[in-house]
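Listing of entry_21.txt, compact mmCIF, C-alpha atoms
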# COMPACT_ATOMS: atom_id res chain seq x y z
CA MET A 1 101.44 43.25 -44.00
CA SER A 2 103.24 40.01 -43.21
CA ARG A 3 103.61 37.31 -45.82
CA VAL A 4 103.01 33.63 -45.20
CA CYS A 5 105.45 31.32 -46.90
CA VAL A 6 104.07 28.04 -48.20
CA GLN A 7 106.26 25.21 -49.37
CA PRO A 8 105.85 24.40 -53.10
CA GLY A 9 104.48 20.92 -52.42
CA VAL A 10 101.86 22.27 -50.02
CA ARG A 11 100.94 25.04 -52.46
CA ASP A 12 100.28 22.49 -55.20
CA LEU A 13 98.15 20.42 -52.83
CA LEU A 14 96.12 23.47 -51.85
CA ARG A 15 95.51 24.26 -55.51
CA HIS A 16 94.38 20.69 -56.13
CA CYS A 17 91.96 20.80 -53.20
CA GLU A 18 90.47 24.12 -54.34
CA ALA A 19 90.00 22.75 -57.87
CA THR A 20 88.42 19.46 -56.82
CA GLY A 21 86.54 20.49 -53.68
CA ASP A 22 88.58 18.09 -51.51
CA THR A 23 89.47 19.11 -47.96
CA MET A 24 92.53 18.52 -45.75
CA VAL A 25 92.42 18.28 -41.99
CA GLY A 26 93.77 21.50 -40.48
CA VAL A 27 93.98 23.35 -43.81
CA PRO A 28 91.22 25.93 -44.43
CA LEU A 29 90.24 26.32 -48.08
CA ALA A 30 89.60 29.78 -49.48
CA ARG A 31 87.02 28.33 -51.82
CA ARG A 32 85.00 25.16 -51.75
CA THR A 33 83.02 23.62 -54.55
CA LYS A 34 79.41 23.16 -53.48
CA LYS A 35 77.18 20.72 -55.29
CA ARG A 36 73.62 21.85 -55.80
CA ALA A 37 71.08 19.29 -54.69
CA ARG A 38 68.82 18.08 -57.45
CA PRO A 39 65.14 18.83 -56.84
CA THR A 40 63.14 15.74 -55.96
CA ARG A 41 60.02 14.67 -57.81
CA ILE A 42 57.80 15.83 -54.97
CA ASP A 43 59.44 19.27 -55.17
CA ALA A 44 58.23 19.56 -58.77
CA VAL A 45 54.78 18.25 -57.87
CA LEU A 46 54.36 20.82 -55.11
CA GLU A 47 55.53 23.59 -57.44
CA TYR A 48 52.80 22.64 -59.91
CA ALA A 49 50.25 22.62 -57.11
CA ALA A 50 51.38 26.09 -56.05
CA LEU A 51 50.66 27.27 -59.61
CA GLY A 52 47.12 25.91 -59.25
CA TRP A 53 47.81 22.95 -61.56
CA PRO A 54 46.11 19.75 -60.38
CA VAL A 55 48.43 16.72 -60.29
CA VAL A 56 47.90 12.98 -60.07
CA PRO A 57 50.41 10.09 -59.83
CA GLY A 58 51.31 8.20 -62.96
CA ALA A 59 52.86 4.84 -63.77
CA TYR A 60 56.58 4.65 -64.39
CA PRO A 61 58.82 2.46 -66.57
CA LEU A 62 60.43 -0.60 -65.01
CA ARG A 63 64.12 -1.09 -65.69
CA THR A 64 64.21 -4.80 -64.87
CA GLY A 65 61.88 -7.78 -64.98
CA PRO A 66 59.40 -9.05 -67.56
CA ARG A 67 57.10 -6.01 -67.42
CA ALA A 68 57.85 -2.61 -68.92
CA CYS A 69 55.42 -0.62 -66.77
CA SER A 70 54.70 -0.35 -63.06
CA CYS A 71 50.95 -0.75 -63.66
CA ASP A 72 49.11 -4.07 -63.29
CA ARG A 73 48.26 -4.32 -66.98
CA VAL A 74 50.04 -7.13 -68.81
CA GLY A 75 51.57 -5.85 -72.04
CA CYS A 76 50.87 -2.18 -71.22
CA PRO A 77 50.81 -0.35 -74.57
CA ASP A 78 52.08 2.94 -73.08
CA PRO A 79 54.62 2.12 -70.34
CA GLY A 80 55.14 4.88 -67.82
CA ALA A 81 52.98 7.36 -69.70
CA HIS A 82 49.55 7.12 -68.08
CA PRO A 83 47.87 7.71 -64.70
CA LEU A 84 47.98 4.98 -62.07
CA SER A 85 44.24 5.05 -61.47
CA PRO A 86 41.30 4.98 -63.92
CA ALA A 87 39.76 7.64 -61.66
CA TRP A 88 42.64 10.06 -62.32
CA HIS A 89 40.30 12.85 -63.45
CA LEU A 90 38.60 12.73 -60.03
CA GLN A 91 41.77 12.25 -57.98
CA ALA A 92 43.82 15.09 -59.49
CA THR A 93 44.40 17.71 -56.81
CA THR A 94 46.46 20.69 -55.66
CA ASP A 95 46.35 19.62 -51.99
CA PRO A 96 50.01 19.62 -50.82
CA ALA A 97 49.38 17.17 -47.97
CA LEU A 98 47.72 14.60 -50.21
CA LEU A 99 50.32 15.01 -52.96
CA THR A 100 53.14 14.61 -50.45
CA ARG A 101 51.56 11.43 -49.08
CA TRP A 102 51.16 9.98 -52.59
CA TRP A 103 54.77 10.60 -53.61
CA GLN A 104 56.19 9.49 -50.29
CA ALA A 105 54.42 6.17 -50.86
CA GLU A 106 55.54 5.97 -54.53
CA PRO A 107 58.62 8.20 -55.05
CA GLU A 108 59.15 7.07 -58.66
CA ALA A 109 55.56 7.75 -59.74
CA GLY A 110 55.23 9.74 -62.93
CA VAL A 111 53.80 13.25 -62.82
CA ILE A 112 50.48 13.52 -64.64
CA LEU A 113 48.83 16.88 -65.32
CA PRO A 114 45.20 16.87 -66.49
CA THR A 115 44.49 19.24 -69.37
CA GLY A 116 41.41 21.32 -70.09
CA ARG A 117 41.28 22.73 -66.56
CA VAL A 118 44.01 25.34 -66.13
CA PHE A 119 45.73 24.81 -69.48
CA ASP A 120 45.62 22.91 -72.75
CA VAL A 121 48.69 21.44 -74.42
CA PHE A 122 49.81 21.40 -78.04
CA ASP A 123 51.79 18.20 -78.54
CA VAL A 124 53.94 18.29 -81.71
CA PRO A 125 56.81 16.30 -83.25
CA LEU A 126 60.26 17.23 -81.98
CA ALA A 127 61.59 18.89 -85.14
CA ALA A 128 58.45 20.96 -85.68
CA GLY A 129 58.34 22.01 -82.02
CA LEU A 130 61.97 23.10 -81.86
CA SER A 131 61.62 25.00 -85.14
CA ALA A 132 58.53 26.83 -83.87
CA LEU A 133 60.22 27.63 -80.56
CA THR A 134 63.23 29.11 -82.36
CA ARG A 135 60.98 31.36 -84.45
CA ILE A 136 58.95 32.43 -81.40
CA ASP A 137 62.12 33.35 -79.52
CA ALA A 138 63.53 35.22 -82.53
CA ALA A 139 60.34 37.29 -82.72
CA GLY A 140 60.53 38.13 -79.02
CA ALA A 141 57.16 36.46 -78.41
CA HIS A 142 56.16 34.51 -75.30
CA PRO A 143 55.88 30.75 -75.96
CA GLY A 144 54.65 29.89 -72.48
CA PRO A 145 55.87 26.75 -70.72
CA VAL A 146 57.41 24.27 -73.17
CA ALA A 147 58.52 20.71 -72.36
CA ALA A 148 60.48 18.06 -74.23
CA ASN A 149 58.96 14.59 -73.99
CA GLY A 150 61.06 12.16 -75.99
CA ASP A 151 60.37 12.81 -79.66
CA ARG A 152 57.61 15.30 -78.86
CA VAL A 153 57.51 18.95 -77.74
CA LEU A 154 54.64 20.13 -75.54
CA PHE A 155 53.43 23.76 -75.55
CA TYR A 156 51.27 24.74 -72.57
CA VAL A 157 48.57 27.26 -73.51
CA ALA A 158 45.52 28.84 -71.88
CA THR A 159 42.40 26.71 -71.86
CA ARG A 160 38.93 27.83 -72.80
CA GLY A 161 37.34 25.37 -70.41
CA ASN A 162 33.69 24.73 -71.23
CA PRO A 163 32.63 27.11 -74.01
CA GLU A 164 29.02 28.13 -74.53
CA ASP A 165 29.12 26.59 -77.99
CA GLU A 166 30.13 22.95 -77.49
CA ASP A 167 30.70 22.57 -81.23
CA GLU A 168 33.47 25.15 -80.92
CA TRP A 169 35.58 22.87 -78.73
CA TRP A 170 35.94 19.12 -78.42
CA SER A 171 36.67 16.52 -75.79
CA CYS A 172 40.07 14.92 -76.29
CA HIS A 173 40.23 11.25 -75.31
CA LEU A 174 43.98 10.94 -74.88
CA ASP A 175 44.99 12.18 -78.35
CA CYS A 176 42.91 13.36 -81.29
CA ASP A 177 43.49 15.37 -84.44
CA PRO A 178 40.59 17.83 -84.90
CA ALA A 179 39.63 18.62 -88.48
CA THR A 180 40.41 22.30 -87.92
CA ILE A 181 44.13 21.56 -87.66
CA ASP A 182 44.51 18.97 -90.42
CA ASP A 183 47.03 21.28 -92.10
CA THR A 184 49.46 20.65 -89.22
CA PRO A 185 50.41 16.94 -89.44
CA GLY A 186 51.25 15.28 -86.17
CA LEU A 187 49.73 17.96 -83.94
CA ARG A 188 47.74 16.73 -80.95
CA TRP A 189 45.64 19.12 -78.91
CA HIS A 190 45.22 17.91 -75.33
CA CYS A 191 42.17 19.56 -73.78
CA ARG A 192 39.24 18.20 -71.78
CA ASP A 193 39.44 14.55 -70.69
CA SER A 194 43.12 14.33 -71.51
CA TYR A 195 46.44 14.63 -69.69
CA VAL A 196 50.17 14.99 -70.27
CA VAL A 197 53.24 13.48 -68.63
CA ALA A 198 55.15 16.35 -67.02
CA PRO A 199 58.74 16.93 -65.90
CA PRO A 200 60.60 15.28 -64.26
CA SER A 201 58.86 12.00 -65.12
CA THR A 202 61.01 9.19 -66.50
CA LEU A 203 60.48 7.85 -70.03
CA PRO A 204 60.88 4.19 -71.05
CA GLY A 205 64.33 4.85 -72.55
CA GLY A 206 65.60 6.18 -69.22
CA GLN A 207 65.57 9.86 -70.18
CA SER A 208 63.40 12.37 -68.37
CA VAL A 209 60.70 14.76 -69.49
CA THR A 210 62.33 18.18 -69.19
CA TRP A 211 61.39 21.84 -69.41
CA LEU A 212 62.69 23.76 -72.40
CA ARG A 213 60.89 26.81 -71.00
CA ALA A 214 59.79 26.33 -67.40
CA PRO A 215 56.62 27.97 -66.00
CA ASP A 216 57.54 31.47 -64.86
CA GLY A 217 54.25 32.78 -63.48
CA ARG A 218 53.31 34.75 -66.58
CA PRO A 219 49.85 34.23 -68.14
CA LEU A 220 49.68 31.30 -70.52
CA PRO A 221 49.60 32.20 -74.24
CA ASP A 222 46.41 32.22 -76.28
CA PRO A 223 46.10 28.82 -78.01
CA LEU A 224 44.96 30.24 -81.34
CA LEU A 225 47.88 32.67 -81.48
CA LEU A 226 50.37 29.95 -80.67
CA LEU A 227 48.74 27.66 -83.23
CA GLU A 228 49.70 30.18 -85.91
CA TRP A 229 53.37 29.68 -85.04
CA LEU A 230 52.98 25.89 -85.12
CA ALA A 231 51.17 26.00 -88.47
CA ASP A 232 53.91 28.01 -90.24
As structure tokens - that is how I would like this structure written.
Amino acid sequence: MSRVCVQPGVRDLLRHCEATGDTMVGVPLARRTKKRARPTRIDAVLEYAALGWPVVPGAYPLRTGPRACSCDRVGCPDPGAHPLSPAWHLQATTDPALLTRWWQAEPEAGVILPTGRVFDVFDVPLAAGLSALTRIDAAGAHPGPVAANGDRVLFYVATRGNPEDEDEWWSCHLDCDPATIDDTPGLRWHCRDSYVVAPPSTLPGGQSVTWLRAPDGRPLPDPLLLLEWLAD
């Protein structure tokens, strides 16, 4: 087999190009560094719809100007963390065409997922949520989808929908602390009439809501079983 001689200076340049992903005209590279494209917000929205999770557009934080939120409300108390429309519970859908049209018109819109339909969400302080997740993982249990939202951790669990005994469940107007979980300070149970801000929505500080454990198609965990981990 014949050998190809390469001058030292050219050899160093080839090594530099392979390491940095640069190219030279007329010089084929054995390896090229390929950058993976980041998924767009609509990609995430359509993935949720494919799971059967209804989605609706949300407000988003403004980086400049006198207002902190994209909504029309002056002095919005929850910038970038609420639906755009008061009729969000009626508008939420899994229709890909409608969702695509919404996010093409407003690419920065937050991603809002109504709860109490396909899933409920346990919303706990960051330290408590990370501690519980560590213990769940160590036990080899299934935590279900888990998201980090600023100083909160959100655990997605199966919903019971509309039980026969209405006293057994409650309607959650944004956030509420039912008496049955008073022994777990800071826990919010998002169920009917509530919603959560989902990845990859942007928070007021500029960071994004992110998945700690992304949905993987497995059944969502039983809420009462997961509550035992959170109450430890």
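Between Asp120 (chain A) and the residues A:Asp78, A:Asp43, A:Glu228, A:Asp193, the shortest atom-to-atom distance, using all atoms listed in the file, involves A:Asp193.
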Enter the distance from CA of Pro107 (chain A) to CA of Pro57 (chain A), in Å, rounded to one decimal.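 Spanning CA of Pro107 (chain A) to CA of Pro57 (chain A) is a straight-line distance of 9.7 Å.
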Mind checking which residues fall within 7 Å of Phe119 (chain A), counting all atoms listed in the file, ignoring those fewer than 3 positions away in the same chain, and posting them as a PyMOL selection string? chain A and resi 115-116+156-159
Distance CA of Asn149 (chain A)-CA of Ala105 (chain A), one decimal place?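 Atom-to-atom, CA of Asn149 (chain A) to CA of Ala105 (chain A), that is 25.0 Å.
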Ranking A:Val197, A:Pro83, A:Ala132, A:Pro204 by minimum distance to Arg67 (chain A) and counting all atoms listed in the file, which one comes first? A:Pro204
Pick out the closest residue to Phe155 (chain A) from this set: A:Gly186, A:Gly206, A:Pro79, A:Pro223. Count only C-alpha atoms.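 Closest residue, counting only C-alpha atoms: A:Pro223.
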10 Å contact set for region 87-98 of chain A, all atoms listed in the file, chain neighbours under 4 positions out, as a VMD selection string: chain A and resid 42 45 to 58 82 to 83 102 to 104 112 to 115 192 to 195
Could you name the residues that touch Ala59 (chain A) at 9 Å or less, counting only C-alpha atoms, but leaving out those on the same chain fewer than 5 positions away, as a list in words?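 Near Ala59 (chain A), the qualifying residues are Cys69, Ser70, Cys71, Pro79, Gly80, Ala81, His82, Pro83, Leu84, Ser85, Glu108, Ala109, Gly110 and Val111 of chain A.
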Atomic separation - CA of Trp229 (chain A) relative to CA of Ile136 (chain A), Å: 7.2 Å
Shortest contact to Leu133 (chain A), candidates A:Leu99, A:Leu225, A:Leu212, A:Ala198, atoms counted only C-alpha atoms, goes to A:Leu212
A:Leu187, A:Ala148, A:Val118, A:Leu62 ranked by distance to Arg213 (chain A), top pick (using all atoms listed in the file):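 Going through A:Leu187, A:Ala148, A:Val118, A:Leu62 one by one, the smallest distance to Arg213 (chain A) is for A:Ala148.
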N, CA and C atoms are needed for region 183-213 of chain A; please write them out as a CSV table (one decimal), keeping the file's coordinate frame.
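Produced file selection-v9.csv, reproduced below:
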chain,number,residue,atom,x,y,z
A,183,ASP,N,45.9,20.8,-91.3
A,183,ASP,CA,47.0,21.3,-92.1
A,183,ASP,C,48.3,21.3,-91.3
A,184,THR,N,48.3,20.8,-90.0
A,184,THR,CA,49.5,20.6,-89.2
A,184,THR,C,49.6,19.2,-88.8
A,185,PRO,N,50.3,18.4,-89.7
A,185,PRO,CA,50.4,16.9,-89.4
A,185,PRO,C,51.1,16.7,-88.1
A,186,GLY,N,50.6,15.7,-87.4
A,186,GLY,CA,51.2,15.3,-86.2
A,186,GLY,C,50.9,16.1,-85.0
A,187,LEU,N,50.1,17.1,-85.1
A,187,LEU,CA,49.7,18.0,-83.9
A,187,LEU,C,48.6,17.3,-83.2
A,188,ARG,N,48.8,17.2,-81.9
A,188,ARG,CA,47.7,16.7,-81.0
A,188,ARG,C,47.4,17.9,-80.0
A,189,TRP,N,46.1,18.0,-79.8
A,189,TRP,CA,45.6,19.1,-78.9
A,189,TRP,C,45.0,18.5,-77.7
A,190,HIS,N,45.7,18.5,-76.6
A,190,HIS,CA,45.2,17.9,-75.3
A,190,HIS,C,44.3,19.0,-74.6
A,191,CYS,N,43.1,18.6,-74.5
A,191,CYS,CA,42.2,19.6,-73.8
A,191,CYS,C,41.4,18.8,-72.8
A,192,ARG,N,40.0,18.9,-72.8
A,192,ARG,CA,39.2,18.2,-71.8
A,192,ARG,C,39.4,16.7,-71.9
A,193,ASP,N,39.4,16.0,-70.8
A,193,ASP,CA,39.4,14.6,-70.7
A,193,ASP,C,40.8,14.0,-71.1
A,194,SER,N,41.8,14.8,-71.1
A,194,SER,CA,43.1,14.3,-71.5
A,194,SER,C,44.1,14.7,-70.4
A,195,TYR,N,45.4,14.3,-70.7
A,195,TYR,CA,46.4,14.6,-69.7
A,195,TYR,C,47.8,14.6,-70.4
A,196,VAL,N,48.8,15.1,-69.7
A,196,VAL,CA,50.2,15.0,-70.3
A,196,VAL,C,51.1,14.5,-69.2
A,197,VAL,N,52.2,13.9,-69.6
A,197,VAL,CA,53.2,13.5,-68.6
A,197,VAL,C,54.2,14.7,-68.5
A,198,ALA,N,54.4,15.1,-67.3
A,198,ALA,CA,55.2,16.4,-67.0
A,198,ALA,C,56.5,16.1,-66.4
A,199,PRO,N,57.4,17.0,-66.5
A,199,PRO,CA,58.7,16.9,-65.9
A,199,PRO,C,58.6,16.8,-64.4
A,200,PRO,N,59.4,16.0,-63.7
A,200,PRO,CA,60.6,15.3,-64.3
A,200,PRO,C,60.3,13.8,-64.4
A,201,SER,N,59.2,13.4,-64.9
A,201,SER,CA,58.9,12.0,-65.1
A,201,SER,C,59.9,11.3,-66.0
A,202,THR,N,60.0,10.0,-65.8
A,202,THR,CA,61.0,9.2,-66.5
A,202,THR,C,60.3,8.5,-67.7
A,203,LEU,N,61.0,8.5,-68.8
A,203,LEU,CA,60.5,7.8,-70.0
A,203,LEU,C,61.0,6.4,-70.1
A,204,PRO,N,60.4,5.6,-70.9
A,204,PRO,CA,60.9,4.2,-71.0
A,204,PRO,C,62.4,4.0,-71.4
A,205,GLY,N,62.9,4.9,-72.2
A,205,GLY,CA,64.3,4.8,-72.6
A,205,GLY,C,65.3,5.3,-71.4
A,206,GLY,N,64.8,5.8,-70.3
A,206,GLY,CA,65.6,6.2,-69.2
A,206,GLY,C,65.8,7.7,-69.1
A,207,GLN,N,65.5,8.4,-70.2
A,207,GLN,CA,65.6,9.9,-70.2
A,207,GLN,C,64.4,10.5,-69.5
A,208,SER,N,64.5,11.7,-69.1
A,208,SER,CA,63.4,12.4,-68.4
A,208,SER,C,62.7,13.4,-69.2
A,209,VAL,N,61.4,13.6,-68.9
A,209,VAL,CA,60.7,14.8,-69.5
A,209,VAL,C,61.3,16.0,-68.9
A,210,THR,N,61.6,17.0,-69.7
A,210,THR,CA,62.3,18.2,-69.2
A,210,THR,C,61.7,19.5,-69.7
A,211,TRP,N,61.9,20.5,-69.0
A,211,TRP,CA,61.4,21.8,-69.4
A,211,TRP,C,62.4,22.5,-70.4
A,212,LEU,N,61.9,22.9,-71.5
A,212,LEU,CA,62.7,23.8,-72.4
A,212,LEU,C,62.5,25.2,-72.0
A,213,ARG,N,61.2,25.5,-71.6
A,213,ARG,CA,60.9,26.8,-71.0
A,213,ARG,C,60.0,26.5,-69.8
